[in-house]
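The structure file upload14.cif is reproduced below (mmCIF, C-alpha atoms and all ligand atoms).
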data_entry
loop_
_atom_site.group_PDB
_atom_site.id
_atom_site.type_symbol
_atom_site.label_atom_id
_atom_site.label_comp_id
_atom_site.auth_asym_id
_atom_site.auth_seq_id
_atom_site.Cartn_x
_atom_site.Cartn_y
_atom_site.Cartn_z
ATOM 1 C CA MET A 21 -55.172 -27.660 17.392
ATOM 2 C CA THR A 22 -51.768 -26.148 18.165
ATOM 3 C CA HIS A 23 -49.648 -24.514 15.476
ATOM 4 C CA PRO A 24 -45.908 -23.809 15.580
ATOM 5 C CA THR A 25 -44.812 -20.218 16.142
ATOM 6 C CA THR A 26 -43.759 -18.317 13.059
ATOM 7 C CA VAL A 27 -40.383 -17.366 14.545
ATOM 8 C CA PRO A 28 -38.311 -20.272 15.917
ATOM 9 C CA ALA A 29 -36.845 -19.735 19.382
ATOM 10 C CA ARG A 30 -33.088 -19.406 19.908
ATOM 11 C CA LEU A 31 -31.405 -21.049 22.850
ATOM 12 C CA PRO A 32 -27.968 -19.947 24.085
ATOM 13 C CA GLY A 33 -25.224 -22.510 23.709
ATOM 14 C CA GLU A 34 -21.505 -22.947 23.493
ATOM 15 C CA TRP A 35 -19.339 -25.726 22.090
ATOM 16 C CA ARG A 36 -15.816 -26.152 23.360
ATOM 17 C CA ILE A 37 -14.150 -29.014 21.576
ATOM 18 C CA PRO A 38 -10.361 -29.314 21.928
ATOM 19 C CA TYR A 39 -8.930 -31.540 19.204
ATOM 20 C CA GLN A 40 -5.848 -32.310 17.133
ATOM 21 C CA TYR A 41 -5.820 -33.112 13.448
ATOM 22 C CA THR A 42 -3.207 -34.308 10.995
ATOM 23 C CA ILE A 43 -1.944 -31.465 8.822
ATOM 24 C CA GLY A 44 0.036 -33.473 6.269
ATOM 25 C CA THR A 45 3.678 -33.389 5.299
ATOM 26 C CA PHE A 46 3.657 -30.081 3.396
ATOM 27 C CA ALA A 47 2.011 -28.107 6.189
ATOM 28 C CA SER A 48 4.292 -29.855 8.688
ATOM 29 C CA ALA A 49 7.331 -28.637 6.719
ATOM 30 C CA PHE A 50 5.831 -25.124 6.663
ATOM 31 C CA PHE A 51 5.433 -25.004 10.438
ATOM 32 C CA ASP A 52 8.866 -26.576 11.003
ATOM 33 C CA ALA A 53 10.412 -23.824 8.847
ATOM 34 C CA LEU A 54 8.647 -21.149 10.901
ATOM 35 C CA ARG A 55 10.707 -22.343 13.883
ATOM 36 C CA GLU A 56 13.764 -21.375 11.791
ATOM 37 C CA GLN A 57 12.171 -18.033 10.853
ATOM 38 C CA ARG A 58 11.723 -19.142 7.225
ATOM 39 C CA ILE A 59 8.621 -19.120 5.018
ATOM 40 C CA LEU A 60 8.115 -22.152 2.764
ATOM 41 C CA GLY A 61 6.025 -22.487 -0.353
ATOM 42 C CA CYS A 62 5.757 -25.180 -2.999
ATOM 43 C CA ARG A 63 6.471 -24.961 -6.724
ATOM 44 C CA CYS A 64 4.314 -26.791 -9.235
ATOM 45 C CA GLY A 65 6.447 -28.797 -11.664
ATOM 46 C CA GLN A 66 4.008 -28.082 -14.500
ATOM 47 C CA CYS A 67 2.935 -24.424 -14.249
ATOM 48 C CA GLY A 68 5.705 -23.102 -11.983
ATOM 49 C CA ARG A 69 3.327 -21.390 -9.568
ATOM 50 C CA VAL A 70 4.658 -21.055 -6.020
ATOM 51 C CA ALA A 71 1.911 -21.435 -3.419
ATOM 52 C CA VAL A 72 2.265 -20.170 0.141
ATOM 53 C CA PRO A 73 1.614 -21.915 2.430
ATOM 54 C CA PRO A 74 2.624 -25.068 0.558
ATOM 55 C CA LYS A 75 0.037 -27.596 -0.587
ATOM 56 C CA SER A 76 0.597 -31.154 -1.766
ATOM 57 C CA PHE A 77 -1.196 -30.428 -5.049
ATOM 58 C CA CYS A 78 -1.413 -27.575 -7.544
ATOM 59 C CA GLU A 79 -4.872 -26.060 -7.371
ATOM 60 C CA PHE A 80 -4.532 -24.899 -11.004
ATOM 61 C CA CYS A 81 -3.109 -28.060 -12.612
ATOM 62 C CA PHE A 82 -4.683 -30.576 -10.208
ATOM 63 C CA ILE A 83 -1.446 -32.556 -10.045
ATOM 64 C CA PRO A 84 0.750 -33.491 -7.071
ATOM 65 C CA VAL A 85 3.466 -31.001 -6.136
ATOM 66 C CA GLU A 86 6.774 -32.280 -4.847
ATOM 67 C CA GLU A 87 9.111 -29.276 -4.531
ATOM 68 C CA LEU A 88 9.246 -27.103 -1.422
ATOM 69 C CA VAL A 89 10.910 -23.701 -1.871
ATOM 70 C CA GLU A 90 11.788 -20.892 0.513
ATOM 71 C CA VAL A 91 10.180 -17.561 -0.365
ATOM 72 C CA GLY A 92 11.231 -14.049 0.560
ATOM 73 C CA LYS A 93 10.658 -12.362 3.896
ATOM 74 C CA GLU A 94 9.306 -9.321 2.096
ATOM 75 C CA GLY A 95 6.297 -9.035 -0.145
ATOM 76 C CA VAL A 96 3.343 -6.968 -1.273
ATOM 77 C CA ILE A 97 -0.140 -6.558 0.131
ATOM 78 C CA GLU A 98 -2.808 -8.160 -2.052
ATOM 79 C CA ALA A 99 -5.709 -7.472 0.311
ATOM 80 C CA VAL A 100 -6.086 -5.831 3.686
ATOM 81 C CA THR A 101 -8.822 -5.034 6.146
ATOM 82 C CA VAL A 102 -9.023 -3.092 9.376
ATOM 83 C CA VAL A 103 -11.153 -4.731 12.050
ATOM 84 C CA THR A 104 -12.926 -2.209 14.265
ATOM 85 C CA ALA A 105 -15.549 -4.395 15.947
ATOM 86 C CA PRO A 106 -14.329 -6.837 18.602
ATOM 87 C CA PHE A 107 -15.598 -10.401 18.817
ATOM 88 C CA ALA A 108 -14.956 -13.300 21.175
ATOM 89 C CA GLY A 109 -11.243 -14.062 21.187
ATOM 90 C CA SER A 110 -10.235 -11.137 18.974
ATOM 91 C CA PRO A 111 -7.271 -8.887 19.706
ATOM 92 C CA PRO A 112 -8.016 -5.356 20.902
ATOM 93 C CA VAL A 113 -9.449 -3.268 18.077
ATOM 94 C CA PRO A 114 -8.568 -1.708 15.779
ATOM 95 C CA TYR A 115 -6.189 -4.138 14.113
ATOM 96 C CA ALA A 116 -5.271 -4.939 10.534
ATOM 97 C CA VAL A 117 -5.149 -8.274 8.742
ATOM 98 C CA ALA A 118 -3.480 -8.583 5.348
ATOM 99 C CA TYR A 119 -2.968 -11.097 2.585
ATOM 100 C CA VAL A 120 0.644 -10.682 1.486
ATOM 101 C CA ARG A 121 2.312 -12.243 -1.565
ATOM 102 C CA PRO A 122 5.908 -12.957 -0.501
ATOM 103 C CA ASP A 123 8.671 -12.273 -3.025
ATOM 104 C CA GLY A 124 9.091 -15.414 -5.116
ATOM 105 C CA ALA A 125 5.526 -16.610 -4.528
ATOM 106 C CA THR A 126 2.450 -16.427 -6.745
ATOM 107 C CA SER A 127 -0.095 -16.661 -3.922
ATOM 108 C CA ALA A 128 -0.597 -14.806 -0.668
ATOM 109 C CA ILE A 129 -0.634 -15.703 2.994
ATOM 110 C CA CYS A 130 -2.734 -14.055 5.690
ATOM 111 C CA ASN A 131 -1.528 -12.614 8.981
ATOM 112 C CA TYR A 132 -1.696 -9.518 11.158
ATOM 113 C CA LEU A 133 -0.285 -6.254 9.810
ATOM 114 C CA GLN A 134 1.342 -4.293 12.612
ATOM 115 C CA GLY A 135 3.190 -0.993 12.840
ATOM 116 C CA VAL A 136 0.526 0.974 10.968
ATOM 117 C CA ASP A 137 -1.478 3.917 12.262
ATOM 118 C CA LEU A 138 -5.043 2.610 12.138
ATOM 119 C CA ASP A 139 -6.768 5.893 12.960
ATOM 120 C CA LEU A 140 -9.165 5.971 10.038
ATOM 121 C CA GLU A 141 -10.471 9.509 10.717
ATOM 122 C CA ASP A 142 -8.266 10.913 7.963
ATOM 123 C CA GLY A 143 -8.760 8.025 5.550
ATOM 124 C CA LEU A 144 -6.709 4.926 4.966
ATOM 125 C CA ASN A 145 -3.031 5.017 5.766
ATOM 126 C CA GLU A 146 -0.823 4.744 2.675
ATOM 127 C CA ALA A 147 0.829 1.689 4.255
ATOM 128 C CA LEU A 148 -2.502 -0.141 3.825
ATOM 129 C CA ARG A 149 -2.725 0.255 0.055
ATOM 130 C CA ILE A 150 -2.717 -2.735 -2.284
ATOM 131 C CA GLU A 151 0.824 -3.474 -3.533
ATOM 132 C CA ALA A 152 2.419 -1.681 -0.526
ATOM 133 C CA ARG A 153 5.624 -3.496 0.401
ATOM 134 C CA VAL A 154 5.882 -5.183 3.793
ATOM 135 C CA LYS A 155 8.346 -7.360 5.644
ATOM 136 C CA MET A 156 7.737 -10.482 7.704
ATOM 137 C CA VAL A 157 8.856 -9.951 11.287
ATOM 138 C CA PHE A 158 9.466 -13.037 13.430
ATOM 139 C CA ARG A 159 9.237 -13.326 17.166
ATOM 140 C CA ASP A 160 12.515 -14.149 18.880
ATOM 141 C CA ASP A 161 11.346 -17.570 20.075
ATOM 142 C CA PRO A 162 9.277 -19.091 17.245
ATOM 143 C CA GLU A 163 7.176 -22.133 18.161
ATOM 144 C CA GLY A 164 6.222 -23.400 14.722
ATOM 145 C CA ARG A 165 2.887 -21.568 14.700
ATOM 146 C CA VAL A 166 1.449 -18.996 12.349
ATOM 147 C CA THR A 167 1.610 -16.495 15.205
ATOM 148 C CA ASP A 168 5.426 -16.692 14.970
ATOM 149 C CA PHE A 169 5.397 -13.843 12.453
ATOM 150 C CA TRP A 170 3.440 -10.814 11.310
ATOM 151 C CA PHE A 171 3.771 -8.136 8.651
ATOM 152 C CA GLU A 172 5.092 -4.593 9.038
ATOM 153 C CA PRO A 173 5.423 -1.829 6.443
ATOM 154 C CA LEU A 174 8.832 -1.542 4.799
ATOM 155 C CA SER A 175 8.550 2.217 4.701
ATOM 156 C CA PRO A 176 7.880 4.134 7.902
ATOM 157 C CA ALA A 177 4.234 4.360 8.902
ATOM 158 C CA GLN A 178 2.679 7.654 7.872
HETATM 159 ZN ZN ZN B 1 0.416 -26.053 -11.550
#
Give the structure from the file, written as structure tokens.
Ligand SMILES: [Zn+2]
Amino acid sequence: MTHPTTVPARLPGEWRIPYQYTIGTFASAFFDALREQRILGCRCGQCGRVAVPPKSFCEFCFIPVEELVEVGKEGVIEAVTVVTAPFAGSPPVPYAVAYVRPDGATSAICNYLQGVDLDLEDGLNEALRIEARVKMVFRDDPEGRVTDFWFEPLSPAQ
């Protein structure tokens, strides 16, 4: 009688599946606005929260949202991490990724944080602290993609 091994084997594999999917009208408006170097959110008619990026429903009230609003091009860091280990497709390390709450919004949006000294030998840079103010910087030729902008500290990097 043959018994299975106690540790299943692993076979190498790779899936490469190009595809397109429908992103809906609110996300479409968000990406269209990026081409104009603007950041759009949506305001809930019941609770007044402004979500960025915009969604077609309020995740607190569970009701449809109809109003798109432009939010500020500055904001505060709500969360940040420094990536020091590369992985397939990653930018050169180290790099920082931050969730930033734009002025006028009640939620945060994620993107790269650039212009910060990421040498962690002396501890975290002050520009990486929670509530540090940042600005959204747009590329000169936006394409309607999230890579059209990134965050940079408002105060000079230390
Ligand atoms: Zn709401």
When the cut-off is 12 Å and you count all atoms listed in the file, which residues lie near ligand ZN 1 (chain B), shown as a short mmCIF file (atom, residue, chain, number, x, y, z; two decimals) with C-alpha atoms, in the coordinates of the input?
data_model
loop_
_atom_site.label_atom_id
_atom_site.label_comp_id
_atom_site.auth_asym_id
_atom_site.auth_seq_id
_atom_site.Cartn_x
_atom_site.Cartn_y
_atom_site.Cartn_z
CA CYS A 62 5.76 -25.18 -3.00
CA ARG A 63 6.47 -24.96 -6.72
CA CYS A 64 4.31 -26.79 -9.24
CA GLY A 65 6.45 -28.80 -11.66
CA GLN A 66 4.01 -28.08 -14.50
CA CYS A 67 2.94 -24.42 -14.25
CA GLY A 68 5.70 -23.10 -11.98
CA ARG A 69 3.33 -21.39 -9.57
CA VAL A 70 4.66 -21.06 -6.02
CA ALA A 71 1.91 -21.44 -3.42
CA LYS A 75 0.04 -27.60 -0.59
CA SER A 76 0.60 -31.15 -1.77
CA PHE A 77 -1.20 -30.43 -5.05
CA CYS A 78 -1.41 -27.58 -7.54
CA GLU A 79 -4.87 -26.06 -7.37
CA PHE A 80 -4.53 -24.90 -11.00
CA CYS A 81 -3.11 -28.06 -12.61
CA PHE A 82 -4.68 -30.58 -10.21
CA ILE A 83 -1.45 -32.56 -10.04
CA PRO A 84 0.75 -33.49 -7.07
CA VAL A 85 3.47 -31.00 -6.14
CA GLU A 86 6.77 -32.28 -4.85
CA GLU A 87 9.11 -29.28 -4.53
CA THR A 126 2.45 -16.43 -6.74
#
Just checking: using all atoms listed in the file, which residue out of A:Tyr115, A:Phe107, A:Tyr132, A:Phe51 ends up closest to Arg165 in chain A? A:Phe51
State, in Å with one decimal place, the distance from CA of Glu163 in chain A to CA of Val120 in chain A.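 Answer for the CA of Glu163 in chain A to CA of Val120 in chain A separation: 21.3 Å.
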Rank nothing, just name the residue among A:Asp168, A:Ser175, A:Pro106, A:Leu88 nearest to Glu146 in chain A, using only C-alpha atoms. A:Ser175
May I have the protein, DNA and RNA residues with an atom at most 12 Å from (-10.2, 0.1, 13.5), counting all atoms listed in the file in the file's coordinates, returned as a PyMOL selection string? chain A and resi 101-106+111-117+136-141+143-145
Those residues you just picked out, can you put them in a file as a PDB file, in the frame of the given file with C-alpha atoms?
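Output file result-v6.pdb follows:
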ATOM      1  CA  THR A 101      -8.822  -5.034   6.146  1.00  0.00           C
ATOM      2  CA  VAL A 102      -9.023  -3.092   9.376  1.00  0.00           C
ATOM      3  CA  VAL A 103     -11.153  -4.731  12.050  1.00  0.00           C
ATOM      4  CA  THR A 104     -12.926  -2.209  14.265  1.00  0.00           C
ATOM      5  CA  ALA A 105     -15.549  -4.395  15.947  1.00  0.00           C
ATOM      6  CA  PRO A 106     -14.329  -6.837  18.602  1.00  0.00           C
ATOM      7  CA  PRO A 111      -7.271  -8.887  19.706  1.00  0.00           C
ATOM      8  CA  PRO A 112      -8.016  -5.356  20.902  1.00  0.00           C
ATOM      9  CA  VAL A 113      -9.449  -3.268  18.077  1.00  0.00           C
ATOM     10  CA  PRO A 114      -8.568  -1.708  15.779  1.00  0.00           C
ATOM     11  CA  TYR A 115      -6.189  -4.138  14.113  1.00  0.00           C
ATOM     12  CA  ALA A 116      -5.271  -4.939  10.534  1.00  0.00           C
ATOM     13  CA  VAL A 117      -5.149  -8.274   8.742  1.00  0.00           C
ATOM     14  CA  VAL A 136       0.526   0.974  10.968  1.00  0.00           C
ATOM     15  CA  ASP A 137      -1.478   3.917  12.262  1.00  0.00           C
ATOM     16  CA  LEU A 138      -5.043   2.610  12.138  1.00  0.00           C
ATOM     17  CA  ASP A 139      -6.768   5.893  12.960  1.00  0.00           C
ATOM     18  CA  LEU A 140      -9.165   5.971  10.038  1.00  0.00           C
ATOM     19  CA  GLU A 141     -10.471   9.509  10.717  1.00  0.00           C
ATOM     20  CA  GLY A 143      -8.760   8.025   5.550  1.00  0.00           C
ATOM     21  CA  LEU A 144      -6.709   4.926   4.966  1.00  0.00           C
ATOM     22  CA  ASN A 145      -3.031   5.017   5.766  1.00  0.00           C
TER      23      ASN A 145
END
Answer as a PyMOL selection string, residues within 7 Å of (2.0, -18.6, -2.9) using only C-alpha atoms: chain A and resi 61+70-73+121+125-128
Residue selection dump (C-alpha atoms) as a CSV table (one decimal), in the frame of the given file:
chain,number,residue,atom,x,y,z
A,61,GLY,CA,6.0,-22.5,-0.4
A,70,VAL,CA,4.7,-21.1,-6.0
A,71,ALA,CA,1.9,-21.4,-3.4
A,72,VAL,CA,2.3,-20.2,0.1
A,73,PRO,CA,1.6,-21.9,2.4
A,121,ARG,CA,2.3,-12.2,-1.6
A,125,ALA,CA,5.5,-16.6,-4.5
A,126,THR,CA,2.4,-16.4,-6.7
A,127,SER,CA,-0.1,-16.7,-3.9
A,128,ALA,CA,-0.6,-14.8,-0.7
Evaluated on this file, the PyMOL selection byres (((chain A and resi 57) around 12) and not hetatm) picks out some residues - which ones are they, written as an MDAnalysis selection string? chainID A and resid 50:56 58:60 90:93 156:170
May I have the residues from that selection written out with C-alpha atoms, as a CSV table (one decimal), in the frame of the given file?
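Just written: again.csv:
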chain,number,residue,atom,x,y,z
A,50,PHE,CA,5.8,-25.1,6.7
A,51,PHE,CA,5.4,-25.0,10.4
A,52,ASP,CA,8.9,-26.6,11.0
A,53,ALA,CA,10.4,-23.8,8.8
A,54,LEU,CA,8.6,-21.1,10.9
A,55,ARG,CA,10.7,-22.3,13.9
A,56,GLU,CA,13.8,-21.4,11.8
A,58,ARG,CA,11.7,-19.1,7.2
A,59,ILE,CA,8.6,-19.1,5.0
A,60,LEU,CA,8.1,-22.2,2.8
A,90,GLU,CA,11.8,-20.9,0.5
A,91,VAL,CA,10.2,-17.6,-0.4
A,92,GLY,CA,11.2,-14.0,0.6
A,93,LYS,CA,10.7,-12.4,3.9
A,156,MET,CA,7.7,-10.5,7.7
A,157,VAL,CA,8.9,-10.0,11.3
A,158,PHE,CA,9.5,-13.0,13.4
A,159,ARG,CA,9.2,-13.3,17.2
A,160,ASP,CA,12.5,-14.1,18.9
A,161,ASP,CA,11.3,-17.6,20.1
A,162,PRO,CA,9.3,-19.1,17.2
A,163,GLU,CA,7.2,-22.1,18.2
A,164,GLY,CA,6.2,-23.4,14.7
A,165,ARG,CA,2.9,-21.6,14.7
A,166,VAL,CA,1.4,-19.0,12.3
A,167,THR,CA,1.6,-16.5,15.2
A,168,ASP,CA,5.4,-16.7,15.0
A,169,PHE,CA,5.4,-13.8,12.5
A,170,TRP,CA,3.4,-10.8,11.3
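Going from CA of Leu148 in chain A over to CA of Tyr119 in chain A, you cover 11.0 Å.
Between CA of Val89 in chain A and CA of Val154 in chain A the separation is 20.0 Å.
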With distances taken over only C-alpha atoms, which of A:Leu174, A:Met21, A:Leu31, A:Leu133 is nearest to Lys155 in chain A?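 The closest residue to Lys155 in chain A is A:Leu174.
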Could you tell me which residues the PyMOL selection byres (((chain A and resi 152) around 6) and not hetatm) returns for this structure, as a PyMOL selection string? chain A and resi 96-97+149-151+153
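Minimum atom-to-atom distance to Ala99 in chain A, evaluated using all atoms listed in the file, belongs to A:Ile129 out of A:Asp142, A:Ile129, A:Thr22, A:Pro74.
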